[in-house]
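What follows is the content of work.cif (mmCIF, C-alpha atoms and all ligand atoms).
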```
data_protein
#
loop_
_atom_site.label_atom_id
_atom_site.label_comp_id
_atom_site.auth_asym_id
_atom_site.auth_seq_id
_atom_site.Cartn_x
_atom_site.Cartn_y
_atom_site.Cartn_z
CA MET A 279 97.56 99.08 184.08
CA ALA A 280 100.78 98.89 182.16
CA VAL A 281 101.77 95.66 180.52
CA THR A 282 104.15 93.29 182.34
CA TRP A 283 106.89 91.79 180.16
CA ILE A 284 108.51 88.51 181.06
CA ASP A 285 111.95 90.10 181.39
CA ASP A 286 111.06 92.95 183.73
CA GLY A 287 111.45 90.85 186.90
CA LYS A 288 107.89 91.39 188.15
CA LEU A 289 106.75 87.78 187.87
CA ASN A 290 108.23 84.66 189.38
CA PHE A 291 108.22 81.71 186.97
CA LYS A 292 109.92 79.11 189.14
CA ASP A 293 107.86 75.90 189.19
CA GLN A 294 104.95 77.82 187.69
CA ARG A 295 102.83 76.33 184.95
CA VAL A 296 103.31 78.97 182.27
CA PHE A 297 100.95 78.87 179.30
CA VAL A 298 102.70 80.52 176.37
CA ARG A 299 100.59 81.45 173.37
CA VAL A 300 103.15 81.15 170.58
CA ASP A 301 102.78 81.66 166.85
CA PHE A 302 103.72 78.30 165.37
CA ASN A 303 101.58 78.83 162.28
CA VAL A 304 104.33 77.43 160.05
CA PRO A 305 104.29 75.94 156.56
CA LEU A 306 104.51 72.13 156.41
CA GLU A 307 105.72 69.82 153.63
CA ASP A 308 106.07 66.09 152.94
CA ASP A 309 109.45 64.74 153.98
CA GLY A 310 109.49 62.26 151.06
CA ASN A 311 109.15 59.29 153.44
CA GLY A 312 105.44 59.57 154.14
CA GLY A 313 105.97 62.03 157.01
CA VAL A 314 105.45 65.76 157.37
CA VAL A 315 108.03 68.34 158.43
CA VAL A 316 108.19 72.09 159.00
CA SER A 317 109.45 73.69 155.76
CA ASP A 318 110.23 77.11 157.24
CA ASP A 319 110.94 77.29 160.97
CA GLU A 320 111.37 81.07 161.22
CA ARG A 321 108.40 81.46 163.57
CA VAL A 322 109.61 78.66 165.80
CA ARG A 323 113.04 80.29 166.01
CA ALA A 324 111.44 83.67 166.77
CA SER A 325 109.83 82.18 169.91
CA LEU A 326 113.06 80.70 171.30
CA PRO A 327 114.29 83.70 173.36
CA THR A 328 111.02 83.72 175.31
CA LEU A 329 110.94 79.96 175.80
CA GLN A 330 114.60 79.86 176.83
CA LEU A 331 114.17 82.70 179.33
CA LEU A 332 111.19 80.95 180.95
CA LEU A 333 113.02 77.59 181.05
CA ASP A 334 116.07 79.26 182.58
CA LYS A 335 113.78 80.64 185.30
CA GLY A 336 112.52 77.12 186.10
CA ALA A 337 109.07 77.30 184.49
CA ARG A 338 106.91 74.36 183.44
CA LEU A 339 105.99 75.26 179.89
CA ILE A 340 102.64 74.70 178.20
CA LEU A 341 102.77 75.92 174.60
CA ALA A 342 99.76 76.54 172.38
CA SER A 343 99.29 77.81 168.83
CA HIS A 344 96.99 77.65 165.86
CA LEU A 345 98.11 76.27 162.51
CA GLY A 346 96.23 77.04 159.30
CA ARG A 347 92.47 77.27 159.22
CA PRO A 348 91.16 73.80 160.08
CA LYS A 349 87.44 73.29 160.34
CA GLY A 350 87.47 70.90 163.29
CA HIS A 351 90.01 68.12 163.76
CA ASP A 352 92.23 67.81 160.67
CA PRO A 353 95.38 65.63 160.87
CA LYS A 354 96.90 67.62 157.97
CA GLN A 355 97.03 70.69 160.20
CA SER A 356 98.41 69.01 163.28
CA LEU A 357 101.16 70.71 165.29
CA LEU A 358 102.90 67.36 165.81
CA PRO A 359 105.66 68.10 163.22
CA VAL A 360 106.39 71.34 165.12
CA ALA A 361 107.12 69.33 168.28
CA GLY A 362 110.06 67.64 166.50
CA CYS A 363 111.32 70.94 165.16
CA LEU A 364 111.07 72.62 168.57
CA GLN A 365 112.75 69.69 170.27
CA SER A 366 115.83 70.06 168.08
CA HIS A 367 116.01 73.82 168.76
CA LEU A 368 115.49 73.58 172.52
CA LYS A 369 117.67 70.47 172.79
CA ARG A 370 115.22 68.89 175.21
CA ASP A 371 112.18 66.64 174.94
CA VAL A 372 108.87 68.17 173.95
CA ILE A 373 105.79 66.30 175.14
CA PHE A 374 102.95 66.48 172.61
CA ALA A 375 99.31 66.51 173.68
CA ASP A 376 96.83 65.36 171.03
CA ASP A 377 94.32 68.00 172.11
CA CYS A 378 94.48 71.43 173.78
CA VAL A 379 91.72 70.98 176.38
CA GLY A 380 90.13 68.04 178.21
CA ASP A 381 91.06 65.67 181.00
CA GLY A 382 94.08 64.15 179.25
CA VAL A 383 95.62 67.58 178.69
CA LYS A 384 94.82 68.65 182.26
CA LYS A 385 96.70 65.65 183.58
CA LEU A 386 99.71 66.26 181.30
CA ALA A 387 99.82 69.91 182.40
CA HIS A 388 99.43 68.96 186.05
CA ASP A 389 102.24 66.35 185.92
CA LEU A 390 104.73 68.71 184.22
CA LYS A 391 107.96 69.31 186.11
CA ALA A 392 110.14 72.42 186.05
CA GLY A 393 112.05 72.56 182.76
CA GLN A 394 109.60 70.32 180.91
CA VAL A 395 107.80 71.44 177.78
CA LEU A 396 104.31 70.43 176.70
CA LEU A 397 103.05 71.41 173.24
CA LEU A 398 99.28 71.34 172.81
CA GLU A 399 97.50 70.35 169.60
CA ASN A 400 96.14 73.01 167.21
CA LEU A 401 93.85 75.43 169.09
CA ARG A 402 91.67 75.85 166.03
CA TYR A 403 90.51 72.22 166.18
CA HIS A 404 88.00 73.79 168.59
CA SER A 405 85.61 76.42 167.24
CA GLY A 406 85.69 78.10 170.67
CA GLU A 407 89.16 79.46 169.85
CA GLU A 408 88.14 81.79 167.02
CA LYS A 409 84.76 82.51 168.61
CA ASN A 410 86.58 83.61 171.76
CA ASP A 411 84.15 81.38 173.64
CA GLU A 412 84.29 82.04 177.36
CA GLY A 413 83.98 78.36 178.34
CA PHE A 414 86.88 77.42 176.05
CA ALA A 415 88.99 80.35 177.30
CA ARG A 416 88.35 79.24 180.90
CA GLN A 417 89.43 75.68 180.06
CA LEU A 418 92.73 76.98 178.64
CA ALA A 419 93.20 79.29 181.62
CA ALA A 420 92.64 76.41 184.06
CA LEU A 421 95.79 74.70 182.74
CA CYS A 422 98.18 77.35 184.05
CA ASP A 423 99.35 79.69 186.82
CA VAL A 424 100.76 82.32 184.47
CA TYR A 425 99.63 83.37 180.96
CA VAL A 426 102.21 84.66 178.51
CA ASN A 427 101.35 85.89 175.04
CA ASP A 428 104.21 85.88 172.55
CA ALA A 429 102.19 85.33 169.38
CA PHE A 430 102.60 88.65 167.62
CA GLY A 431 101.40 87.12 164.33
CA ALA A 432 98.00 86.47 165.97
CA ALA A 433 97.83 89.57 168.19
CA HIS A 434 95.31 91.26 165.87
CA ARG A 435 92.82 88.47 166.62
CA ALA A 436 90.49 88.56 169.62
CA HIS A 437 90.50 84.79 170.06
CA ALA A 438 90.29 82.72 173.24
CA SER A 439 94.05 82.06 173.46
CA THR A 440 95.18 85.50 172.28
CA ALA A 441 92.80 87.64 174.29
CA GLY A 442 89.89 85.94 176.09
CA MET A 443 91.79 83.69 178.50
CA ALA A 444 93.86 86.62 179.85
CA ALA A 445 90.80 87.66 181.88
CA PHE A 446 90.80 84.33 183.73
CA VAL A 447 94.47 84.18 184.77
CA ASP A 448 95.72 86.54 187.50
CA LYS A 449 99.35 86.63 186.41
CA LYS A 450 99.96 87.57 182.82
CA ALA A 451 102.78 88.98 180.73
CA GLY A 452 103.96 89.65 177.20
CA GLY A 453 106.83 87.62 175.74
CA LEU A 454 110.03 88.98 174.25
CA LEU A 455 108.88 88.72 170.64
CA LEU A 456 105.62 90.52 171.34
CA LYS A 457 107.57 93.20 173.21
CA LYS A 458 110.07 93.74 170.39
CA GLU A 459 107.37 93.89 167.72
CA ALA A 460 105.13 96.26 169.71
CA GLU A 461 107.94 98.58 170.74
CA THR A 462 109.48 98.71 167.27
CA LEU A 463 106.27 99.17 165.32
CA TYR A 464 104.55 101.61 167.69
CA GLY A 465 107.93 103.37 167.83
CA LEU A 466 107.58 104.05 164.10
CA LEU A 467 104.31 105.84 164.74
CA ARG A 468 105.61 107.73 167.79
CA GLN A 469 109.06 109.08 167.05
CA PRO A 470 110.51 107.91 163.74
CA LYS A 471 113.90 109.28 162.78
CA LYS A 472 113.33 111.58 159.81
CA PRO A 473 113.23 111.52 156.87
CA PHE A 474 110.75 108.65 157.09
CA VAL A 475 110.19 106.78 153.82
CA ALA A 476 107.46 104.15 153.46
CA ILE A 477 107.41 101.69 150.58
CA ILE A 478 104.02 100.08 150.14
CA GLY A 479 103.24 97.44 147.54
CA GLY A 480 101.18 94.32 147.04
CA ALA A 481 97.98 93.31 145.42
CA LYS A 482 95.22 95.54 146.68
CA VAL A 483 94.67 99.17 147.61
CA SER A 484 91.87 97.99 149.89
CA ASP A 485 94.32 95.97 152.05
CA LYS A 486 96.79 98.80 152.48
CA ILE A 487 94.67 101.92 152.44
CA GLY A 488 94.39 102.04 156.24
CA VAL A 489 98.16 102.04 156.62
CA VAL A 490 98.76 104.52 153.81
CA THR A 491 96.22 106.91 155.31
CA LYS A 492 97.72 106.62 158.80
CA LEU A 493 101.24 107.07 157.43
CA LEU A 494 100.33 110.30 155.67
CA GLY A 495 100.58 112.04 159.02
CA LYS A 496 103.97 110.49 159.82
CA VAL A 497 106.11 110.07 156.72
CA ASP A 498 107.95 112.30 154.29
CA LYS A 499 107.61 110.05 151.24
CA ILE A 500 105.54 107.06 150.20
CA LEU A 501 106.73 104.91 147.30
CA ILE A 502 103.93 102.81 145.85
CA GLY A 503 104.40 99.64 143.80
CA GLY A 504 102.71 96.34 143.04
CA ALA A 505 99.26 95.99 141.54
CA MET A 506 97.93 98.68 143.86
CA ALA A 507 100.04 101.26 142.03
CA TYR A 508 97.82 100.80 138.95
CA THR A 509 94.71 101.88 140.82
CA PHE A 510 96.61 105.04 141.88
CA LEU A 511 97.81 105.64 138.30
CA ALA A 512 94.29 105.03 136.92
CA SER A 513 92.91 107.56 139.43
CA LYS A 514 95.18 110.16 137.82
CA GLY A 515 93.93 109.25 134.35
CA VAL A 516 97.09 107.36 133.35
CA ALA A 517 96.45 104.45 130.94
CA THR A 518 96.89 101.12 132.77
CA GLY A 519 95.93 98.68 129.97
CA LYS A 520 94.95 95.29 131.36
CA SER A 521 96.74 95.84 134.69
CA ARG A 522 95.01 94.66 137.83
CA THR A 523 93.09 97.65 139.19
CA GLU A 524 90.22 98.17 141.63
CA PRO A 525 87.75 100.46 139.84
CA ASP A 526 85.75 100.94 143.04
CA LYS A 527 88.84 102.31 144.80
CA LEU A 528 89.66 105.14 142.37
CA ASN A 529 88.11 107.73 144.66
CA VAL A 530 89.97 106.37 147.67
CA ALA A 531 93.24 106.62 145.73
CA ARG A 532 92.42 110.19 144.68
CA THR A 533 91.66 111.15 148.28
CA VAL A 534 95.02 109.77 149.41
CA LEU A 535 96.86 111.69 146.68
CA GLU A 536 95.05 114.91 147.63
CA GLY A 537 95.73 114.34 151.33
CA ALA A 538 99.40 113.80 150.62
CA ALA A 539 99.61 117.00 148.57
CA GLN A 540 97.98 118.99 151.39
CA ARG A 541 100.42 117.61 153.95
CA GLY A 542 103.48 118.01 151.75
CA VAL A 543 104.05 114.25 151.64
CA GLN A 544 105.60 113.12 148.39
CA ILE A 545 103.91 110.11 146.80
CA LEU A 546 105.96 108.35 144.14
CA LEU A 547 104.22 106.15 141.57
CA PRO A 548 105.85 103.97 138.88
CA VAL A 549 107.07 105.89 135.83
CA ASP A 550 107.74 102.75 133.78
CA HIS A 551 106.88 99.06 133.91
CA VAL A 552 107.79 95.51 133.12
CA ALA A 553 104.64 94.43 131.35
CA ALA A 554 103.18 91.33 129.71
CA THR A 555 100.18 90.55 127.54
CA GLU A 556 99.09 87.64 129.72
CA PHE A 557 99.26 86.86 133.45
CA ALA A 558 101.63 83.89 133.21
CA GLU A 559 105.04 82.99 134.56
CA GLY A 560 106.46 82.36 131.10
CA ALA A 561 104.97 85.53 129.56
CA ALA A 562 107.44 87.67 127.58
CA ALA A 563 108.54 90.64 129.74
CA ILE A 564 108.13 94.00 127.97
CA ASP A 565 109.96 97.10 129.26
CA THR A 566 107.75 100.09 128.64
CA ALA A 567 106.96 103.57 129.94
CA THR A 568 103.34 103.42 128.78
CA LEU A 569 100.91 100.54 128.91
CA ALA A 570 99.06 99.63 125.71
CA ASP A 571 95.48 98.33 125.90
CA ASP A 572 96.62 94.69 125.69
CA GLN A 573 99.41 95.03 128.29
CA MET A 574 99.41 94.63 132.06
CA GLY A 575 102.05 95.96 134.41
CA LEU A 576 103.57 93.12 136.44
CA ASP A 577 106.60 94.94 137.89
CA VAL A 578 108.09 98.40 138.11
CA GLY A 579 110.52 99.30 135.32
CA ALA A 580 114.22 100.26 135.34
CA ALA A 581 113.65 104.03 135.67
CA THR A 582 111.28 103.46 138.60
CA ARG A 583 113.77 101.14 140.28
CA LYS A 584 116.38 103.89 140.06
CA LEU A 585 113.94 106.57 141.24
CA TYR A 586 112.82 104.50 144.23
CA ALA A 587 116.39 103.51 145.20
CA GLU A 588 117.36 107.22 145.16
CA ALA A 589 114.35 108.10 147.30
CA ILE A 590 115.44 105.57 149.92
CA VAL A 591 119.03 106.84 150.17
CA GLY A 592 119.42 109.30 153.04
CA ALA A 593 116.30 108.17 154.90
CA GLY A 594 116.41 108.01 158.70
CA THR A 595 113.65 105.41 158.84
CA VAL A 596 112.35 103.05 156.16
CA LEU A 597 109.22 100.94 156.41
CA TRP A 598 108.60 98.40 153.65
CA ASN A 599 105.44 96.34 153.25
CA GLY A 600 104.45 94.54 150.06
CA PRO A 601 106.20 93.50 146.82
CA MET A 602 106.71 95.85 143.87
CA GLY A 603 105.54 93.25 141.35
CA VAL A 604 104.84 89.57 140.81
CA PHE A 605 108.12 88.73 142.51
CA GLU A 606 107.31 85.00 142.58
CA TRP A 607 108.15 84.95 138.83
CA ALA A 608 111.80 85.74 138.03
CA SER A 609 110.97 87.98 135.02
CA PHE A 610 108.89 90.24 137.26
CA ALA A 611 110.98 90.20 140.45
CA LYS A 612 113.53 92.93 139.65
CA GLY A 613 111.58 95.78 141.24
CA THR A 614 111.09 93.93 144.52
CA MET A 615 114.74 92.84 144.61
CA ALA A 616 115.93 96.38 143.83
CA VAL A 617 113.87 97.71 146.74
CA ALA A 618 115.21 94.95 149.02
CA GLU A 619 118.77 95.96 148.13
CA ALA A 620 118.12 99.69 148.53
CA VAL A 621 116.45 99.17 151.92
CA ALA A 622 119.22 96.84 153.14
CA SER A 623 121.98 99.25 152.15
CA SER A 624 120.21 102.48 153.19
CA GLY A 625 121.87 102.83 156.59
CA ALA A 626 118.46 103.85 157.95
CA PHE A 627 116.48 102.19 160.72
CA THR A 628 114.66 99.66 158.55
CA VAL A 629 111.48 97.73 159.26
CA VAL A 630 110.04 95.15 156.88
CA GLY A 631 106.62 93.56 157.41
CA GLY A 632 104.25 91.37 155.45
CA GLY A 633 104.77 87.79 154.37
CA ASP A 634 105.69 88.56 150.76
CA SER A 635 108.27 91.27 151.45
CA VAL A 636 109.84 89.05 154.09
CA ALA A 637 109.90 86.13 151.62
CA ALA A 638 111.55 88.40 149.03
CA LEU A 639 114.11 89.52 151.59
CA ASN A 640 114.93 85.93 152.48
CA GLN A 641 115.13 85.08 148.77
CA SER A 642 117.68 87.86 148.31
CA GLY A 643 119.68 86.86 151.39
CA LEU A 644 119.42 90.40 152.80
CA ALA A 645 117.24 89.80 155.86
CA ALA A 646 120.19 90.05 158.27
CA LYS A 647 120.80 93.64 157.12
CA ILE A 648 117.32 94.80 158.17
CA SER A 649 116.86 96.37 161.63
CA HIS A 650 113.53 94.64 162.28
CA VAL A 651 111.80 91.97 160.20
CA SER A 652 108.28 91.60 161.53
CA THR A 653 106.86 88.11 162.06
CA GLY A 654 103.28 89.30 161.65
CA GLY A 655 101.82 90.36 158.30
CA GLY A 656 98.22 91.19 159.23
CA ALA A 657 99.16 92.14 162.78
CA SER A 658 101.83 94.61 161.68
CA LEU A 659 99.47 96.23 159.17
CA GLU A 660 96.68 96.63 161.74
CA LEU A 661 99.12 98.01 164.30
CA LEU A 662 100.48 100.53 161.80
CA GLU A 663 96.91 101.57 160.95
CA GLY A 664 96.85 102.72 164.57
CA ARG A 665 94.49 100.00 165.78
CA LYS A 666 94.74 98.65 169.30
CA LEU A 667 95.65 94.98 168.88
CA PRO A 668 93.41 92.74 171.05
CA GLY A 669 96.39 90.60 172.09
CA LEU A 670 98.14 93.66 173.54
CA LEU A 671 94.96 95.16 174.94
CA ALA A 672 94.29 91.94 176.93
CA LEU A 673 97.67 92.33 178.63
CA GLY A 674 96.95 95.91 179.61
CA TYR A 675 99.24 97.55 177.03
CA GLU A 676 99.05 101.33 177.19
CA PHE A 677 98.69 102.63 173.65
P1 LIG B 701 99.86 91.39 149.16
O1 LIG B 701 99.49 90.04 149.73
O2 LIG B 701 98.76 92.36 149.15
O3 LIG B 701 101.12 91.92 149.74
O4 LIG B 701 100.12 91.12 147.62
C1 LIG B 701 101.14 90.29 147.18
C2 LIG B 701 100.79 89.70 145.84
O5 LIG B 701 100.60 90.75 144.91
C3 LIG B 701 101.93 88.85 145.34
O6 LIG B 701 101.49 87.52 145.22
C4 LIG B 701 102.26 89.45 143.98
O7 LIG B 701 102.47 88.49 142.99
C5 LIG B 701 101.03 90.28 143.65
N1 LIG B 701 101.34 91.39 142.76
C6 LIG B 701 102.29 92.33 142.95
N2 LIG B 701 102.32 93.18 141.91
C7 LIG B 701 101.39 92.76 141.04
C8 LIG B 701 100.95 93.24 139.77
N3 LIG B 701 101.51 94.33 139.21
N4 LIG B 701 99.94 92.56 139.16
C9 LIG B 701 99.38 91.50 139.74
N5 LIG B 701 99.75 91.00 140.94
C10 LIG B 701 100.74 91.63 141.58
#
```
If you convert what's in this file into structure tokens, what do you get?
Amino acid sequence: MAVTWIDDGKLNFKDQRVFVRVDFNVPLEDDGNGGVVVSDDERVRASLPTLQLLLDKGARLILASHLGRPKGHDPKQSLLPVAGCLQSHLKRDVIFADDCVGDGVKKLAHDLKAGQVLLLENLRYHSGEEKNDEGFARQLAALCDVYVNDAFGAAHRAHASTAGMAAFVDKKAGGLLLKKEAETLYGLLRQPKKPFVAIIGGAKVSDKIGVVTKLLGKVDKILIGGAMAYTFLASKGVATGKSRTEPDKLNVARTVLEGAAQRGVQILLPVDHVAATEFAEGAAAIDTATLADDQMGLDVGAATRKLYAEAIVGAGTVLWNGPMGVFEWASFAKGTMAVAEAVASSGAFTVVGGGDSVAALNQSGLAAKISHVSTGGGASLELLEGRKLPGLLALGYEF
């Protein structure tokens, strides 16, 4: 069975109770008046095309999401502030249910009229969500006539709302965000325009090794930065001082370097660094090509920034995931910003994934110049590792 998307005209949404699994896992902050507001509404905005399409077709909308990792009912992780945010975007009332299952919710869902929107409380207040409990999945399914999954950020989870409940609803479809993410990211693995350059950074080799290994068969070059670069350098016998490394991953790094050499894939590692003698925001930044015993690399240096920018020019496709250094601290953000600029101005088909790279892009004001900014960090990594995401599998996606 091939997946049905909400815009391919196969399903009728008029007067239907449509349960949309959205990704409203947004950051919250105090509003200064004792209330709580959404501090970054990017994920809410990303869901709007799907919600608007369904409303235009006369659906009755039931929206559900998780937020954070509550252990049971936790008012600090309530989706109530999201209702206000969504209301201002949709320019219509959003009814908020203080739970996601139970008689009260059933009645609210039943009484919904076409064009009305009901937002359910945090799915993770119930342990059945993450356990993919069948009883809980059936309760969610009983609320609706049609199930739509648009939560790409949670599509790598086999939870009740992202996977389990699909088995108990006859009519199901993928939303526009899920469609765009799946088509773009699987497209990178299927037929990327060459040359294909991947830039992989971040904290740990262990988090990214699956993607790097998968990409070896697809890309022409991989540029490595962030703390993970030091494990690669250490595996080649380069002195890394006090840099963050994973000693138990040296063999993995060596295997990747050997695999790349066999396949003719060029792997670029930092040739110089912005270092410090302590891991602190105010630490003095030292530009150096070699790391002394008391130094740790916290960003890539000027020569590396130039080398990486040159490697990106002329690419047909660029994939970027993970910062080049401790970009949260201004003294160690230059490498990440240089990559953001090079990617944005490359003229290639550009895809950026992962919370930190997206944050850096937003910080630099360059996000609008990127072809596709993924809304899912973990989901995009697992997809690019070649794994079949449970959220897509449940809809019948053909991989
Ligand atoms: P990840 O979540 O794996 O993408 O890693 C992102 C985190 O890695 C960010 O919080 C960065 O501050 C951190 N990071 C990047 N480069 C380094 C480095 N050279 N040393 C220590 N931490 C780093």
What's around Lys647 in chain A at 12 Å? Count only C-alpha atoms, leave out sequence neighbours fewer than 4 positions away in its own chain, and write the answer as an NGL selection string.
:A and (618-630 or 639-640 or 642-643 or 651)
Export of the given selection (C-alpha atoms) as a compact mmCIF listing (two decimals), in the coordinates of the input:
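So again.txt came out as:
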```txt
# COMPACT_ATOMS: atom_id res chain seq x y z
CA ALA A 618 115.21 94.95 149.02
CA GLU A 619 118.77 95.96 148.13
CA ALA A 620 118.12 99.69 148.53
CA VAL A 621 116.45 99.17 151.92
CA ALA A 622 119.22 96.84 153.14
CA SER A 623 121.98 99.25 152.15
CA SER A 624 120.21 102.48 153.19
CA GLY A 625 121.87 102.83 156.59
CA ALA A 626 118.46 103.85 157.95
CA PHE A 627 116.48 102.19 160.72
CA THR A 628 114.66 99.66 158.55
CA VAL A 629 111.48 97.73 159.26
CA VAL A 630 110.04 95.15 156.88
CA LEU A 639 114.11 89.52 151.59
CA ASN A 640 114.93 85.93 152.48
CA SER A 642 117.68 87.86 148.31
CA GLY A 643 119.68 86.86 151.39
CA VAL A 651 111.80 91.97 160.20
```
Contacts of Thr440 in chain A at 7 Å (all atoms listed in the file; same-chain gap of 5+ positions) as a PyMOL selection string
chain A and resi 299+427+432-433+435+669
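Non-sequential neighbours of range 442-458 of chain A (distance at most 6 Å, separation of 3 or more positions within a chain, only C-alpha atoms) are Thr282, Trp283, Ile284, Thr328, Asn410, Ala415, Ala419, Val424, Tyr425, Val426, Asn427, Asp428, Phe430, Ala438, Ser439, Glu461 and Thr462 of chain A.
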Could the residues of chain A that have an atom at most 10 Å from ligand LIG 701 (chain B) be listed as a tab-separated table, each with its closest atom pair and the distance in Å to one decimal, counting all atoms listed in the file and ordered by chain and ascending residue number?
```
residue	atom	partner	partner_atom	distance
A:Ile478	CA	B:LIG701	O3	8.7
A:Gly479	CA	B:LIG701	O3	6.3
A:Gly480	CA	B:LIG701	O4	3.4
A:Ala481	CA	B:LIG701	O5	3.7
A:Lys482	CA	B:LIG701	O2	5.4
A:Val483	CA	B:LIG701	O2	8.1
A:Ser484	CA	B:LIG701	O2	8.9
A:Asp485	CA	B:LIG701	O2	6.4
A:Lys486	CA	B:LIG701	O2	7.5
A:Gly503	CA	B:LIG701	N2	7.0
A:Gly504	CA	B:LIG701	N2	3.4
A:Ala505	CA	B:LIG701	N3	3.6
A:Met506	CA	B:LIG701	N2	7.3
A:Ala507	CA	B:LIG701	N3	7.6
A:Tyr508	CA	B:LIG701	N3	7.5
A:Lys520	CA	B:LIG701	N4	9.7
A:Ser521	CA	B:LIG701	N4	6.4
A:Arg522	CA	B:LIG701	N4	5.5
A:Thr523	CA	B:LIG701	N4	8.5
A:His551	CA	B:LIG701	N3	8.9
A:Val552	CA	B:LIG701	N3	8.8
A:Ala553	CA	B:LIG701	N3	8.5
A:Phe557	CA	B:LIG701	C9	7.8
A:Met574	CA	B:LIG701	N4	7.4
A:Gly575	CA	B:LIG701	N3	5.1
A:Leu576	CA	B:LIG701	N3	3.7
A:Asp577	CA	B:LIG701	N3	5.3
A:Val578	CA	B:LIG701	N3	7.8
A:Asn599	CA	B:LIG701	O3	7.1
A:Gly600	CA	B:LIG701	O3	4.2
A:Pro601	CA	B:LIG701	C6	5.6
A:Met602	CA	B:LIG701	N2	5.5
A:Gly603	CA	B:LIG701	N2	3.3
A:Val604	CA	B:LIG701	O7	3.4
A:Phe605	CA	B:LIG701	O7	5.7
A:Glu606	CA	B:LIG701	O7	6.0
A:Trp607	CA	B:LIG701	O7	7.9
A:Phe610	CA	B:LIG701	N2	8.6
A:Ala611	CA	B:LIG701	O7	9.0
A:Gly613	CA	B:LIG701	N2	9.6
A:Thr614	CA	B:LIG701	C6	9.1
A:Gly631	CA	B:LIG701	O3	9.6
A:Gly632	CA	B:LIG701	O3	6.5
A:Gly633	CA	B:LIG701	O3	7.2
A:Asp634	CA	B:LIG701	O3	5.8
A:Ser635	CA	B:LIG701	O3	7.4
A:Gly655	CA	B:LIG701	O3	8.7
A:Gly656	CA	B:LIG701	O1	9.7
```
File of the preceding selection, C-alpha atoms, as a PDB file, in the coordinates of the input:
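This went into out05.pdb:
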```
ATOM      1  CA  ILE A 478     104.020 100.080 150.140  1.00  0.00           C
ATOM      2  CA  GLY A 479     103.240  97.440 147.540  1.00  0.00           C
ATOM      3  CA  GLY A 480     101.180  94.320 147.040  1.00  0.00           C
ATOM      4  CA  ALA A 481      97.980  93.310 145.420  1.00  0.00           C
ATOM      5  CA  LYS A 482      95.220  95.540 146.680  1.00  0.00           C
ATOM      6  CA  VAL A 483      94.670  99.170 147.610  1.00  0.00           C
ATOM      7  CA  SER A 484      91.870  97.990 149.890  1.00  0.00           C
ATOM      8  CA  ASP A 485      94.320  95.970 152.050  1.00  0.00           C
ATOM      9  CA  LYS A 486      96.790  98.800 152.480  1.00  0.00           C
ATOM     10  CA  GLY A 503     104.400  99.640 143.800  1.00  0.00           C
ATOM     11  CA  GLY A 504     102.710  96.340 143.040  1.00  0.00           C
ATOM     12  CA  ALA A 505      99.260  95.990 141.540  1.00  0.00           C
ATOM     13  CA  MET A 506      97.930  98.680 143.860  1.00  0.00           C
ATOM     14  CA  ALA A 507     100.040 101.260 142.030  1.00  0.00           C
ATOM     15  CA  TYR A 508      97.820 100.800 138.950  1.00  0.00           C
ATOM     16  CA  LYS A 520      94.950  95.290 131.360  1.00  0.00           C
ATOM     17  CA  SER A 521      96.740  95.840 134.690  1.00  0.00           C
ATOM     18  CA  ARG A 522      95.010  94.660 137.830  1.00  0.00           C
ATOM     19  CA  THR A 523      93.090  97.650 139.190  1.00  0.00           C
ATOM     20  CA  HIS A 551     106.880  99.060 133.910  1.00  0.00           C
ATOM     21  CA  VAL A 552     107.790  95.510 133.120  1.00  0.00           C
ATOM     22  CA  ALA A 553     104.640  94.430 131.350  1.00  0.00           C
ATOM     23  CA  PHE A 557      99.260  86.860 133.450  1.00  0.00           C
ATOM     24  CA  MET A 574      99.410  94.630 132.060  1.00  0.00           C
ATOM     25  CA  GLY A 575     102.050  95.960 134.410  1.00  0.00           C
ATOM     26  CA  LEU A 576     103.570  93.120 136.440  1.00  0.00           C
ATOM     27  CA  ASP A 577     106.600  94.940 137.890  1.00  0.00           C
ATOM     28  CA  VAL A 578     108.090  98.400 138.110  1.00  0.00           C
ATOM     29  CA  ASN A 599     105.440  96.340 153.250  1.00  0.00           C
ATOM     30  CA  GLY A 600     104.450  94.540 150.060  1.00  0.00           C
ATOM     31  CA  PRO A 601     106.200  93.500 146.820  1.00  0.00           C
ATOM     32  CA  MET A 602     106.710  95.850 143.870  1.00  0.00           C
ATOM     33  CA  GLY A 603     105.540  93.250 141.350  1.00  0.00           C
ATOM     34  CA  VAL A 604     104.840  89.570 140.810  1.00  0.00           C
ATOM     35  CA  PHE A 605     108.120  88.730 142.510  1.00  0.00           C
ATOM     36  CA  GLU A 606     107.310  85.000 142.580  1.00  0.00           C
ATOM     37  CA  TRP A 607     108.150  84.950 138.830  1.00  0.00           C
ATOM     38  CA  PHE A 610     108.890  90.240 137.260  1.00  0.00           C
ATOM     39  CA  ALA A 611     110.980  90.200 140.450  1.00  0.00           C
ATOM     40  CA  GLY A 613     111.580  95.780 141.240  1.00  0.00           C
ATOM     41  CA  THR A 614     111.090  93.930 144.520  1.00  0.00           C
ATOM     42  CA  GLY A 631     106.620  93.560 157.410  1.00  0.00           C
ATOM     43  CA  GLY A 632     104.250  91.370 155.450  1.00  0.00           C
ATOM     44  CA  GLY A 633     104.770  87.790 154.370  1.00  0.00           C
ATOM     45  CA  ASP A 634     105.690  88.560 150.760  1.00  0.00           C
ATOM     46  CA  SER A 635     108.270  91.270 151.450  1.00  0.00           C
ATOM     47  CA  GLY A 655     101.820  90.360 158.300  1.00  0.00           C
ATOM     48  CA  GLY A 656      98.220  91.190 159.230  1.00  0.00           C
TER      49      GLY A 656
END
```
